[in-house]
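Engineer: I have a structure I would like to understand better, so I am pasting it below and will then ask my questions one at a time.
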Amino acid sequence: MAELLDRLQRAELPAAAQAFRAEVKDFIAREMPPLGADVRARSWMGFDAAFSRKLAARGWVGVTLPKAYGGAELDAFRRFVLVEELLAVGAPVAAHWIADRQSGPLINKFGSEAQKQSYLPRICRAEVFFCIGMSEPNSGSDLASIGTRAVRTERGWVLNGRKIWTTNADKCDYSIALVRTSGLPADRQAGLSQFIVDLRLPGVTVRPIVDLSGDAHFSEMFFDDVLLAGDALIGQEGQGWQQVNAELAFERSGPERLYSSVVLVDAWIRWMRRNGQIEQHAETLGRLLAHLATLRQMSIAVTAKLAAGESPLVEAALVKELGTTYEQEIPSIVEAALGASPGQPADPELLRAAAYLSHMAPTFSLRGGTREILRGMIARGLGLR
Amino acid sequence: MAELLDRLQRAELPAAAQAFRAEVKDFIAREMPPLGADVRARSWMGFDAAFSRKLAARGWVGVTLPKAYGGAELDAFRRFVLVEELLAVGAPVAAHWIADRQSGPLINKFGSEAQKQSYLPRICRAEVFFCIGMSEPNSGSDLASIGTRAVRTERGWVLNGRKIWTTNADKCDYSIALVRTSGLPADRQAGLSQFIVDLRLPGVTVRPIVDLSGDAHFSEMFFDDVLLAGDALIGQEGQGWQQVNAELAFERSGPERLYSSVVLVDAWIRWMRRNGQIEQHAETLGRLLAHLATLRQMSIAVTAKLAAGESPLVEAALVKELGTTYEQEIPSIVEAALGASPGQPADPELLRAAAYLSHMAPTFSLRGGTREILRGMIARGLGLR
Amino acid sequence: MFAEAIASLLQDRCTPQAVRAIEQGGSPAALSAALEESGFHELLAPEDAGGGGASWPDFHRVIELCGAHALPLPLAQTMAARAVVRAQPLPNGWITFAPWLVREADGSLRAGQVPFGRTASHVVGMAGDVALLLPVADARMEANGVYGSLAASLRWEPDAGTALDVTLPAARLQGLAAAIHASLLSGAMKKVFDLAMGYANERAQFGKPIGKFQAIQHQLSVMAEHVAAAAIAAEAAYHTEDQGLPAYAACAVAKARTSEAAQLVASTAHAVHGAIGVTEEYDLQLYTRRLHEWRMADGSETYWHRALGALCVQRSDALFVDLAREVFA
Amino acid sequence: MFAEAIASLLQDRCTPQAVRAIEQGGSPAALSAALEESGFHELLAPEDAGGGGASWPDFHRVIELCGAHALPLPLAQTMAARAVVRAQPLPNGWITFAPWLVREADGSLRAGQVPFGRTASHVVGMAGDVALLLPVADARMEANGVYGSLAASLRWEPDAGTALDVTLPAARLQGLAAAIHASLLSGAMKKVFDLAMGYANERAQFGKPIGKFQAIQHQLSVMAEHVAAAAIAAEAAYHTEDQGLPAYAACAVAKARTSEAAQLVASTAHAVHGAIGVTEEYDLQLYTRRLHEWRMADGSETYWHRALGALCVQRSDALFVDLAREVFA
């Protein structure tokens, strides 16, 4: 048996995590704003600072961060439960999401003590929101070809260039940007560094990018002679590529790779029940249930490895590829089903939820690695590369 | 619009071909042996010399060959109709199939007048049957790496080596073998030639290969110092590779890429009708019908190009890839449907037909080019290579 | 001839900018006037009646171009309505179809998600087998709120509309409406395929055009297969004839096959494009949004597979190959 | 512990040659005796009753190995039958399940395509909710004629068999029988994956191992995903419990997910192998033939998706994620 498959062992959530679930469900029942399915379908693109602050007040932002900085230090299983319950109802978590899952852990891992003290407590109180700054207009999945550049001067670092596909940059306070500090784009991953860029600094311009759903979740950031203090550098100069890969690893695990479309399934079921259509699509529902129950077991298996202090990158890639396929096929399946009764089309809210997910589903396999990259990781894990 | 797609224009069978269909249906009604669905599912693996001779007597073997040699000179549309009707009922056509579609046309195109006079009339009378001799144990789809070798001596060519995956070699009279006449396997396509090998010659050994269905349609041919007369060489010495590619082109067009599993669909429908199950699988049948009706239109479009004297290689590859997917998914769909009623399993004949096609379906995408090769041809046709 | 004429008109007047403006509620008057002047409304009418004398296959080629240009007006339905309703004059302006009208308990008429409901002035609908002409102005309109969608649900009072002298059963108009969407889908898919090909040839990554990578080549090859299948299925429907319209089973295959392909074509095009493809300012979304909407419009593949399945049940004594042949015979 | 023991036994005695011989009608006596001596029949019985005291998860791991070795005997069903039928002794020898017995109009009992029907001596069947022990020797047997298949249809006279003191509804035994096939499928898929990996690393074409080609790597990666999904679904079923057996919905998911994966895994393995894979003398077919047969046995994914769909309908007020969680809770 291939060792990779042996490493992905079934596990279960411990009783404590199960008990924690009741707390989360209770919180959601009380604090979740009343939103339509089409809004909830946006979930982790949905920016709601007030909701994030309520979560923070409950102690659930900065979940992996040390208590010393205001973090929750939730174990991996409780994190799984928290994320699962939030995404199951499509809670609007985008405001704090990146800081919670990527920027905060990055600062905690690579930052100086001063940086930690400056940023982490504010992250945990949901006072400051972060976004990513990796892609560039001509980089695509070839991140190493980055051309945005920071030059060291007597006054500090001077940043020039642009970043694109940053989520909610117009509403965030900081971006952690991967930029070139030496060499040329042709030098690829050598000479890249990471900076915490205060988005209110002079020379920073954010242009929201309207997408095919009419949303403006994405944006482009322009840096024109932005002067960064010396302590904006995070981690080691020239080590940006290595740091980013560690950061991507955080992003590649967890239940957010299964649940992007589940709000639609619930909305569809409710609509079918009201319209007497559920029996004719029961087999389809049964298949979706079999897949979700299985994917959830796989995701828990990955979580158990994280809980055990391992770094299950390949296992996570494997689960993510399957999970993304699942998330992407749901809107397609629902579309076909809604079109099965042209005399009784869906109500507008359900239609909007279906359309949003149908239109955005292609991006699910861009988040944190394309299909080709994930399959390549798995192939490497299998020893084929 | 990509030029490739513009080239695949809808066409229709002319009235004469439609009238010809009645003749073929009439012939089949009278001459088709009474075979179970599991036997008919073998169709163009099914060797029945008597049936082939009946077809020959009707003038329908050697359909592309000149009348001067006893051929039928059927136009491309009539050939389409003949093949369609034979495969629709799973007629056992394997005995003459290769001679009819590949070896005969090859001899007609590249052979000397003496070779034509020797072989073509016998092919058209279904007196001699041919098989292919291309693959070798270590060649796979890398045909150019061939190691079987013919050396010119004073007495003629001396052939040594082995060929594998030859269909029905134990029942055939001749094989057209692609062998090396100069250079080394490392020289690849250079130095290859084609020979008509009389399988009754001393030094030829045929070993049938039992497959996972218990059939022995495949076989391995061993050549030990087989002495071939000088006129066994077909076409030009050293031109074997070019000739084979022309031969593969013959193989890549036509309705045999749609109908491999259609006998199973008919058997399944009959069984469902008898057992009151057809309503619950109606949607599945509807989808199969939509795909087949469309694929058939595509196949007719390719046929029309052949009829117009063109060589629609890329168009044929495109239709074949879709058609093969269809042929392969049918047994899988039927399997799932048969397993939907565990209290009422299929009768043995239907089960055997389903099992045969489920087991052999993987080979459908090996015949005449793997999926990767076909997609590569399409990509080239699109100008991407 | 007709195709060349419409292509040039659409190229000039139905630009991506014009489409965006109309989607966002701008007036379609200029585009509308250009099309009305061109006489395409009467494309299918006999030449001696002042029409274009076009055949159904001509009509298909024209509609494909409407799809490829994301035309935000129901030109296809307007032309087809005039071919269906021969016995009486139809009003000027844009007509769309609602072949699955529902008569509510209170007598009001409901038409859900009518394609081009926001830009049409009249609806030709079927309530059971009764054909009705319904002014959109008399309806309560509910837009669906999907970004850029021109579909809308319409509801009329019980006495709304006028009966039409059309003797076709509802299924026939349903089939025709579906065939129209099959043609629109085919046209939009060809456009989407062109955009994906263009992008693959232009966009470089890791030092070469992404179209040189085997994974992208395979995606485009498979996409080409499905675009070709959809195109031929849509076209073939118009070469069948039953009581002057494309035959029902052929329309069913056309809409089923194009709808199934639409999903694959849209998702592959976006996969090839990456993030740029989902931005509003890049044109791809004009067409892929329609692929999703038109896949559902007038019955998704699920609806039409079921309709064809009923045919298979009814004709379960026939050879399956014969059944497949008869669809387009 | 149990897994290691059975693995070593199967490695020695259940060789591909032995499997082939039994499939072709050879006597299973030697293999049978080796297994009976080992005491695995009583794996699930409590230790104080002389059994193995194994848990259901232990049982699953043992069955997976039976699947991976294509064991031509119903060891899994025999072990499980003894766990289901606690109140009375069961005969020695091999017992298989027929949880969908049909009582014909003339009173005779029919069991279609009973797994291991050709090598079992008894059948534990459910006719409605009545459990019966039926000797195979008393049945009219009809082999299906599929090459190498050990399944057979059995028919008994009206008065055949003896009632068993089992109070479970038929659905529960159906679920257990399906879960057993899920484990067998998972084991066979792991074996098939290993063979494909081995072949990809060994077989060279165009001058390098085919496993170095991106297309093959992607096929194997996707295959790994589905093998992993199937394995975890099968295993998870045995960590649920309802009245001493794996819970029904969990069994349904296990069989549905493994059956769906089986098709992809079998076809990908053959695609990687090329022609050699379909030869009788190469071992791959021993396992892929079973993937096809076991996919259908005790309900294909279609059957179990429908069963799960009924659950979704019944619980349509629950959050879908909660429903998914409860399956394996």
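If you're wondering about the labels, chains in the structure tokens are A, B, ... by order shown, residues count from 1 in each chain, ligands from 1 in order shown.
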Contacts of Glu235 (chain D) at 12 Å or less, counting only C-alpha atoms, minus same-chain residues fewer than 6 places along, as a PDB file with N, CA, C and O atoms, in the first residue's frame?

Structural biologist:
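Printed below is selection_3.pdb as written:
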```
ATOM      1  N   LEU A   8      -3.038   8.657   5.787  1.00  0.00           N
ATOM      2  CA  LEU A   8      -4.325   9.343   5.959  1.00  0.00           C
ATOM      3  C   LEU A   8      -5.285   8.435   6.713  1.00  0.00           C
ATOM      4  O   LEU A   8      -6.143   7.783   6.132  1.00  0.00           O
ATOM      5  N   GLN A   9      -5.111   8.378   8.021  1.00  0.00           N
ATOM      6  CA  GLN A   9      -5.888   7.456   8.840  1.00  0.00           C
ATOM      7  C   GLN A   9      -7.134   8.108   9.397  1.00  0.00           C
ATOM      8  O   GLN A   9      -7.093   9.238   9.870  1.00  0.00           O
ATOM      9  N   ARG A  10      -8.219   7.362   9.369  1.00  0.00           N
ATOM     10  CA  ARG A  10      -9.442   7.847   9.996  1.00  0.00           C
ATOM     11  C   ARG A  10      -9.186   8.261  11.450  1.00  0.00           C
ATOM     12  O   ARG A  10      -8.403   7.645  12.170  1.00  0.00           O
ATOM     13  N   ALA A  11      -9.833   9.330  11.834  1.00  0.00           N
ATOM     14  CA  ALA A  11      -9.709   9.799  13.216  1.00  0.00           C
ATOM     15  C   ALA A  11     -11.060  10.344  13.622  1.00  0.00           C
ATOM     16  O   ALA A  11     -11.955  10.487  12.797  1.00  0.00           O
ATOM     17  N   GLU A  12     -11.218  10.621  14.897  1.00  0.00           N
ATOM     18  CA  GLU A  12     -12.474  11.275  15.248  1.00  0.00           C
ATOM     19  C   GLU A  12     -12.240  12.477  16.140  1.00  0.00           C
ATOM     20  O   GLU A  12     -11.187  12.620  16.758  1.00  0.00           O
ATOM     21  N   THR A 294     -18.111  11.591   3.638  1.00  0.00           N
ATOM     22  CA  THR A 294     -16.776  11.017   3.437  1.00  0.00           C
ATOM     23  C   THR A 294     -15.693  12.096   3.468  1.00  0.00           C
ATOM     24  O   THR A 294     -14.658  11.931   4.131  1.00  0.00           O
ATOM     25  N   GLN A 297     -14.875  13.123   6.898  1.00  0.00           N
ATOM     26  CA  GLN A 297     -13.989  12.181   7.583  1.00  0.00           C
ATOM     27  C   GLN A 297     -12.539  12.404   7.156  1.00  0.00           C
ATOM     28  O   GLN A 297     -11.610  12.314   7.962  1.00  0.00           O
ATOM     29  N   MET A 298     -12.344  12.665   5.878  1.00  0.00           N
ATOM     30  CA  MET A 298     -10.982  12.890   5.381  1.00  0.00           C
ATOM     31  C   MET A 298     -10.401  14.157   5.992  1.00  0.00           C
ATOM     32  O   MET A 298      -9.230  14.222   6.355  1.00  0.00           O
TER      33      MET A 298
ATOM     34  N   TRP D  56     -15.630  -4.327  15.576  1.00  0.00           N
ATOM     35  CA  TRP D  56     -16.005  -4.151  14.167  1.00  0.00           C
ATOM     36  C   TRP D  56     -14.868  -3.502  13.366  1.00  0.00           C
ATOM     37  O   TRP D  56     -14.614  -3.915  12.216  1.00  0.00           O
ATOM     38  N   PRO D  57     -14.165  -2.509  13.912  1.00  0.00           N
ATOM     39  CA  PRO D  57     -13.023  -1.982  13.133  1.00  0.00           C
ATOM     40  C   PRO D  57     -11.945  -3.037  12.858  1.00  0.00           C
ATOM     41  O   PRO D  57     -11.354  -3.064  11.774  1.00  0.00           O
ATOM     42  N   ASP D  58     -11.711  -3.931  13.841  1.00  0.00           N
ATOM     43  CA  ASP D  58     -10.775  -5.042  13.573  1.00  0.00           C
ATOM     44  C   ASP D  58     -11.277  -5.870  12.383  1.00  0.00           C
ATOM     45  O   ASP D  58     -10.518  -6.255  11.494  1.00  0.00           O
ATOM     46  N   PHE D  59     -12.573  -6.155  12.443  1.00  0.00           N
ATOM     47  CA  PHE D  59     -13.228  -6.941  11.395  1.00  0.00           C
ATOM     48  C   PHE D  59     -12.998  -6.279  10.028  1.00  0.00           C
ATOM     49  O   PHE D  59     -12.614  -6.938   9.056  1.00  0.00           O
ATOM     50  N   HIS D  60     -13.221  -4.963   9.974  1.00  0.00           N
ATOM     51  CA  HIS D  60     -13.037  -4.239   8.714  1.00  0.00           C
ATOM     52  C   HIS D  60     -11.632  -4.438   8.164  1.00  0.00           C
ATOM     53  O   HIS D  60     -11.442  -4.689   6.961  1.00  0.00           O
ATOM     54  N   ARG D  61     -10.631  -4.337   9.036  1.00  0.00           N
ATOM     55  CA  ARG D  61      -9.251  -4.466   8.537  1.00  0.00           C
ATOM     56  C   ARG D  61      -8.985  -5.870   7.995  1.00  0.00           C
ATOM     57  O   ARG D  61      -8.274  -6.041   7.007  1.00  0.00           O
ATOM     58  N   VAL D  62      -9.593  -6.853   8.655  1.00  0.00           N
ATOM     59  CA  VAL D  62      -9.438  -8.233   8.164  1.00  0.00           C
ATOM     60  C   VAL D  62     -10.102  -8.379   6.792  1.00  0.00           C
ATOM     61  O   VAL D  62      -9.532  -8.957   5.867  1.00  0.00           O
ATOM     62  N   ILE D  63     -11.305  -7.814   6.662  1.00  0.00           N
ATOM     63  CA  ILE D  63     -12.006  -7.975   5.367  1.00  0.00           C
ATOM     64  C   ILE D  63     -11.284  -7.242   4.252  1.00  0.00           C
ATOM     65  O   ILE D  63     -11.242  -7.699   3.114  1.00  0.00           O
ATOM     66  N   GLU D  64     -10.762  -6.063   4.572  1.00  0.00           N
ATOM     67  CA  GLU D  64     -10.000  -5.341   3.544  1.00  0.00           C
ATOM     68  C   GLU D  64      -8.906  -6.244   2.970  1.00  0.00           C
ATOM     69  O   GLU D  64      -8.676  -6.256   1.760  1.00  0.00           O
ATOM     70  N   ALA D 179     -21.887  -3.102   3.814  1.00  0.00           N
ATOM     71  CA  ALA D 179     -20.652  -2.632   4.446  1.00  0.00           C
ATOM     72  C   ALA D 179     -19.517  -3.629   4.212  1.00  0.00           C
ATOM     73  O   ALA D 179     -18.362  -3.243   3.993  1.00  0.00           O
ATOM     74  N   ILE D 180     -19.843  -4.899   4.261  1.00  0.00           N
ATOM     75  CA  ILE D 180     -18.817  -5.923   3.997  1.00  0.00           C
ATOM     76  C   ILE D 180     -18.260  -5.741   2.584  1.00  0.00           C
ATOM     77  O   ILE D 180     -17.036  -5.764   2.375  1.00  0.00           O
ATOM     78  N   HIS D 181     -19.149  -5.533   1.629  1.00  0.00           N
ATOM     79  CA  HIS D 181     -18.643  -5.307   0.273  1.00  0.00           C
ATOM     80  C   HIS D 181     -17.871  -4.001   0.160  1.00  0.00           C
ATOM     81  O   HIS D 181     -16.959  -3.879  -0.658  1.00  0.00           O
ATOM     82  N   ALA D 182     -18.241  -3.026   0.977  1.00  0.00           N
ATOM     83  CA  ALA D 182     -17.464  -1.777   0.985  1.00  0.00           C
ATOM     84  C   ALA D 182     -16.027  -2.065   1.435  1.00  0.00           C
ATOM     85  O   ALA D 182     -15.063  -1.566   0.840  1.00  0.00           O
ATOM     86  N   SER D 183     -15.879  -2.897   2.464  1.00  0.00           N
ATOM     87  CA  SER D 183     -14.533  -3.222   2.942  1.00  0.00           C
ATOM     88  C   SER D 183     -13.762  -4.029   1.902  1.00  0.00           C
ATOM     89  O   SER D 183     -12.565  -3.807   1.684  1.00  0.00           O
ATOM     90  N   LEU D 184     -14.462  -4.995   1.294  1.00  0.00           N
ATOM     91  CA  LEU D 184     -13.800  -5.789   0.251  1.00  0.00           C
ATOM     92  C   LEU D 184     -13.355  -4.881  -0.893  1.00  0.00           C
ATOM     93  O   LEU D 184     -12.227  -5.000  -1.408  1.00  0.00           O
ATOM     94  N   LEU D 185     -14.233  -3.972  -1.279  1.00  0.00           N
ATOM     95  CA  LEU D 185     -13.889  -3.035  -2.362  1.00  0.00           C
ATOM     96  C   LEU D 185     -12.688  -2.187  -1.970  1.00  0.00           C
ATOM     97  O   LEU D 185     -11.770  -1.979  -2.776  1.00  0.00           O
ATOM     98  N   SER D 186     -12.697  -1.687  -0.749  1.00  0.00           N
ATOM     99  CA  SER D 186     -11.591  -0.840  -0.324  1.00  0.00           C
ATOM    100  C   SER D 186     -10.276  -1.610  -0.401  1.00  0.00           C
ATOM    101  O   SER D 186      -9.269  -1.105  -0.912  1.00  0.00           O
ATOM    102  N   GLY D 187     -10.289  -2.845   0.094  1.00  0.00           N
ATOM    103  CA  GLY D 187      -9.062  -3.649   0.040  1.00  0.00           C
ATOM    104  C   GLY D 187      -8.611  -3.911  -1.385  1.00  0.00           C
ATOM    105  O   GLY D 187      -7.429  -3.783  -1.722  1.00  0.00           O
ATOM    106  N   ALA D 228      -8.415   6.741  -1.322  1.00  0.00           N
ATOM    107  CA  ALA D 228      -8.396   7.244   0.056  1.00  0.00           C
ATOM    108  C   ALA D 228      -9.810   7.536   0.545  1.00  0.00           C
ATOM    109  O   ALA D 228     -10.162   7.214   1.688  1.00  0.00           O
ATOM    110  N   ALA D 229     -10.619   8.141  -0.314  1.00  0.00           N
ATOM    111  CA  ALA D 229     -12.006   8.450   0.080  1.00  0.00           C
ATOM    112  C   ALA D 229     -12.770   7.163   0.367  1.00  0.00           C
ATOM    113  O   ALA D 229     -13.480   7.054   1.371  1.00  0.00           O
ATOM    114  N   PRO D 246     -22.953  -1.996  12.668  1.00  0.00           N
ATOM    115  CA  PRO D 246     -22.709  -0.684  12.057  1.00  0.00           C
ATOM    116  C   PRO D 246     -24.047  -0.046  11.666  1.00  0.00           C
ATOM    117  O   PRO D 246     -24.963  -0.740  11.212  1.00  0.00           O
ATOM    118  N   ALA D 250     -24.531   4.847   7.798  1.00  0.00           N
ATOM    119  CA  ALA D 250     -23.086   4.758   7.615  1.00  0.00           C
ATOM    120  C   ALA D 250     -22.729   3.648   6.622  1.00  0.00           C
ATOM    121  O   ALA D 250     -21.841   3.802   5.783  1.00  0.00           O
ATOM    122  N   CYS D 251     -23.439   2.520   6.737  1.00  0.00           N
ATOM    123  CA  CYS D 251     -23.220   1.435   5.770  1.00  0.00           C
ATOM    124  C   CYS D 251     -23.569   1.918   4.359  1.00  0.00           C
ATOM    125  O   CYS D 251     -22.882   1.581   3.385  1.00  0.00           O
ATOM    126  N   VAL D 253     -23.455   5.001   3.158  1.00  0.00           N
ATOM    127  CA  VAL D 253     -22.392   5.863   2.639  1.00  0.00           C
ATOM    128  C   VAL D 253     -21.177   5.022   2.241  1.00  0.00           C
ATOM    129  O   VAL D 253     -20.577   5.235   1.182  1.00  0.00           O
ATOM    130  N   ALA D 254     -20.836   4.062   3.074  1.00  0.00           N
ATOM    131  CA  ALA D 254     -19.653   3.239   2.799  1.00  0.00           C
ATOM    132  C   ALA D 254     -19.787   2.523   1.459  1.00  0.00           C
ATOM    133  O   ALA D 254     -18.888   2.555   0.616  1.00  0.00           O
ATOM    134  N   LYS D 255     -20.941   1.888   1.256  1.00  0.00           N
ATOM    135  CA  LYS D 255     -21.100   1.131   0.008  1.00  0.00           C
ATOM    136  C   LYS D 255     -21.243   2.067  -1.188  1.00  0.00           C
ATOM    137  O   LYS D 255     -20.703   1.799  -2.273  1.00  0.00           O
ATOM    138  N   ARG D 257     -19.993   5.105  -1.579  1.00  0.00           N
ATOM    139  CA  ARG D 257     -18.744   5.788  -1.915  1.00  0.00           C
ATOM    140  C   ARG D 257     -17.726   4.825  -2.493  1.00  0.00           C
ATOM    141  O   ARG D 257     -17.003   5.156  -3.438  1.00  0.00           O
ATOM    142  N   THR D 258     -17.633   3.627  -1.928  1.00  0.00           N
ATOM    143  CA  THR D 258     -16.682   2.646  -2.473  1.00  0.00           C
ATOM    144  C   THR D 258     -17.112   2.196  -3.863  1.00  0.00           C
ATOM    145  O   THR D 258     -16.263   2.012  -4.742  1.00  0.00           O
ATOM    146  N   PHE D 328     -21.811   9.516  10.455  1.00  0.00           N
ATOM    147  CA  PHE D 328     -20.701   8.785  11.075  1.00  0.00           C
ATOM    148  C   PHE D 328     -20.558   9.127  12.564  1.00  0.00           C
ATOM    149  O   PHE D 328     -19.491   8.934  13.142  1.00  0.00           O
TER     150      PHE D 328
END
```

Engineer: With a distance cut-off of 8 Å and only C-alpha atoms, select the neighbouring residues of Ala261 (chain C), excluding the residue or stretch itself and same-chain residues fewer than 2 positions from it, and output the selection as a PyMOL selection string.

Structural biologist: chain C and resi 226-227+230+257-259+263-265

Engineer: Store the residues of this selection in a file with C-alpha atoms, as a PDB file, in the first residue's frame.

Structural biologist:
```pdb
ATOM      1  CA  HIS C 226     -17.970  19.418 -26.536  1.00  0.00           C
ATOM      2  CA  VAL C 227     -18.342  22.663 -28.456  1.00  0.00           C
ATOM      3  CA  ALA C 230     -23.181  20.959 -29.041  1.00  0.00           C
ATOM      4  CA  ARG C 257     -26.675  18.262 -25.444  1.00  0.00           C
ATOM      5  CA  THR C 258     -25.917  21.980 -25.532  1.00  0.00           C
ATOM      6  CA  SER C 259     -26.927  22.410 -21.892  1.00  0.00           C
ATOM      7  CA  GLN C 263     -21.330  23.534 -17.952  1.00  0.00           C
ATOM      8  CA  LEU C 264     -18.085  21.923 -19.118  1.00  0.00           C
ATOM      9  CA  VAL C 265     -17.295  24.686 -21.579  1.00  0.00           C
TER      10      VAL C 265
END
```

Engineer: With 12 Å as the limit and counting only C-alpha atoms, what residues in chain C lie close to chain D? Please list them as a list of chain:residue names.

Structural biologist: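 Putting it all together, I get C:Phe213, C:Gln214, C:Ala215, C:Ile216, C:Gln217, C:His218.
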
Engineer: What does the distance between CA of Thr284 (chain B) and CA of Ile330 (chain A) come to in Å, to one decimal place?

Structural biologist: 19.4 Å

Engineer: What does the distance from CA of Ala94 (chain A) to CA of Ala126 (chain A) come to in Å, to one decimal?

Structural biologist: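 CA of Ala94 (chain A) sits 11.3 Å away from CA of Ala126 (chain A).
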
Engineer: Please provide the set of residues having any atom within 12 Å of Leu350 (chain A), restricted to only C-alpha atoms, with same-chain residues fewer than 2 positions apart removed, written as number ranges by chain.

Structural biologist: A: 36-41, 263-272, 331, 334-335, 338, 345-348, 352-357; C: 144-146

Engineer: DSSP says helix (DSSP H, G or I) for which residues of region 22-179 of chain B? Put them as a PyMOL selection string?

Structural biologist: chain B and resi 22-31+37-40+43-45+49-57+67-69+76-88+94-110+113-124+143-145+169-171

Engineer: Which chain B residues have any atom within 8 Å of an atom of chain D, and for each, what is the nearest pair of atoms with distance in Å to one decimal, counting only C-alpha atoms, rows sorted by chain and number, as JSON lines?

Structural biologist:
```
{"residue": "B:Asn138", "atom": "CA", "partner": "D:Gln205", "partner_atom": "CA", "distance": 7.8}
{"residue": "B:Ser139", "atom": "CA", "partner": "D:Gln205", "partner_atom": "CA", "distance": 7.0}
{"residue": "B:Gly140", "atom": "CA", "partner": "D:Gln205", "partner_atom": "CA", "distance": 7.2}
{"residue": "B:Asp142", "atom": "CA", "partner": "D:Phe206", "partner_atom": "CA", "distance": 6.3}
{"residue": "B:Ser145", "atom": "CA", "partner": "D:Phe206", "partner_atom": "CA", "distance": 8.0}
{"residue": "B:Trp165", "atom": "CA", "partner": "D:Ala275", "partner_atom": "CA", "distance": 7.4}
{"residue": "B:Ile209", "atom": "CA", "partner": "D:Thr279", "partner_atom": "CA", "distance": 6.8}
{"residue": "B:Val210", "atom": "CA", "partner": "D:Glu280", "partner_atom": "CA", "distance": 5.4}
{"residue": "B:Asp211", "atom": "CA", "partner": "D:Thr279", "partner_atom": "CA", "distance": 4.1}
{"residue": "B:Leu212", "atom": "CA", "partner": "D:Glu280", "partner_atom": "CA", "distance": 4.8}
{"residue": "B:Ser213", "atom": "CA", "partner": "D:Tyr147", "partner_atom": "CA", "distance": 5.4}
{"residue": "B:Gly214", "atom": "CA", "partner": "D:Tyr147", "partner_atom": "CA", "distance": 5.8}
{"residue": "B:Ser332", "atom": "CA", "partner": "D:Gln263", "partner_atom": "CA", "distance": 6.9}
{"residue": "B:Glu335", "atom": "CA", "partner": "D:Met296", "partner_atom": "CA", "distance": 6.5}
{"residue": "B:Ala336", "atom": "CA", "partner": "D:Ser300", "partner_atom": "CA", "distance": 5.4}
{"residue": "B:Ala337", "atom": "CA", "partner": "D:Thr302", "partner_atom": "CA", "distance": 6.6}
{"residue": "B:Leu338", "atom": "CA", "partner": "D:Met296", "partner_atom": "CA", "distance": 7.0}
{"residue": "B:Gly339", "atom": "CA", "partner": "D:Met296", "partner_atom": "CA", "distance": 4.3}
{"residue": "B:Ala340", "atom": "CA", "partner": "D:Tyr303", "partner_atom": "CA", "distance": 4.2}
{"residue": "B:Ser341", "atom": "CA", "partner": "D:Tyr303", "partner_atom": "CA", "distance": 6.8}
{"residue": "B:Pro342", "atom": "CA", "partner": "D:Gly299", "partner_atom": "CA", "distance": 5.4}
{"residue": "B:Gly343", "atom": "CA", "partner": "D:Trp100", "partner_atom": "CA", "distance": 4.8}
{"residue": "B:Gln344", "atom": "CA", "partner": "D:Gly112", "partner_atom": "CA", "distance": 6.5}
{"residue": "B:Pro345", "atom": "CA", "partner": "D:Gly112", "partner_atom": "CA", "distance": 5.6}
{"residue": "B:Asp347", "atom": "CA", "partner": "D:Asn144", "partner_atom": "CA", "distance": 7.8}
{"residue": "B:Pro348", "atom": "CA", "partner": "D:Asn144", "partner_atom": "CA", "distance": 4.6}
{"residue": "B:Glu349", "atom": "CA", "partner": "D:Asn144", "partner_atom": "CA", "distance": 7.7}
{"residue": "B:Leu351", "atom": "CA", "partner": "D:Asn144", "partner_atom": "CA", "distance": 7.2}
{"residue": "B:Arg352", "atom": "CA", "partner": "D:Val146", "partner_atom": "CA", "distance": 5.2}
{"residue": "B:Ala355", "atom": "CA", "partner": "D:Val146", "partner_atom": "CA", "distance": 6.7}
{"residue": "B:Tyr356", "atom": "CA", "partner": "D:Val146", "partner_atom": "CA", "distance": 7.9}
{"residue": "B:Ser358", "atom": "CA", "partner": "D:His292", "partner_atom": "CA", "distance": 7.3}
{"residue": "B:His359", "atom": "CA", "partner": "D:Arg289", "partner_atom": "CA", "distance": 6.8}
{"residue": "B:Met360", "atom": "CA", "partner": "D:Val278", "partner_atom": "CA", "distance": 7.2}
{"residue": "B:Pro362", "atom": "CA", "partner": "D:His270", "partner_atom": "CA", "distance": 5.9}
{"residue": "B:Thr363", "atom": "CA", "partner": "D:Ala275", "partner_atom": "CA", "distance": 6.6}
{"residue": "B:Leu366", "atom": "CA", "partner": "D:Gly274", "partner_atom": "CA", "distance": 7.0}
{"residue": "B:Glu372", "atom": "CA", "partner": "D:Ala215", "partner_atom": "CA", "distance": 7.7}
```
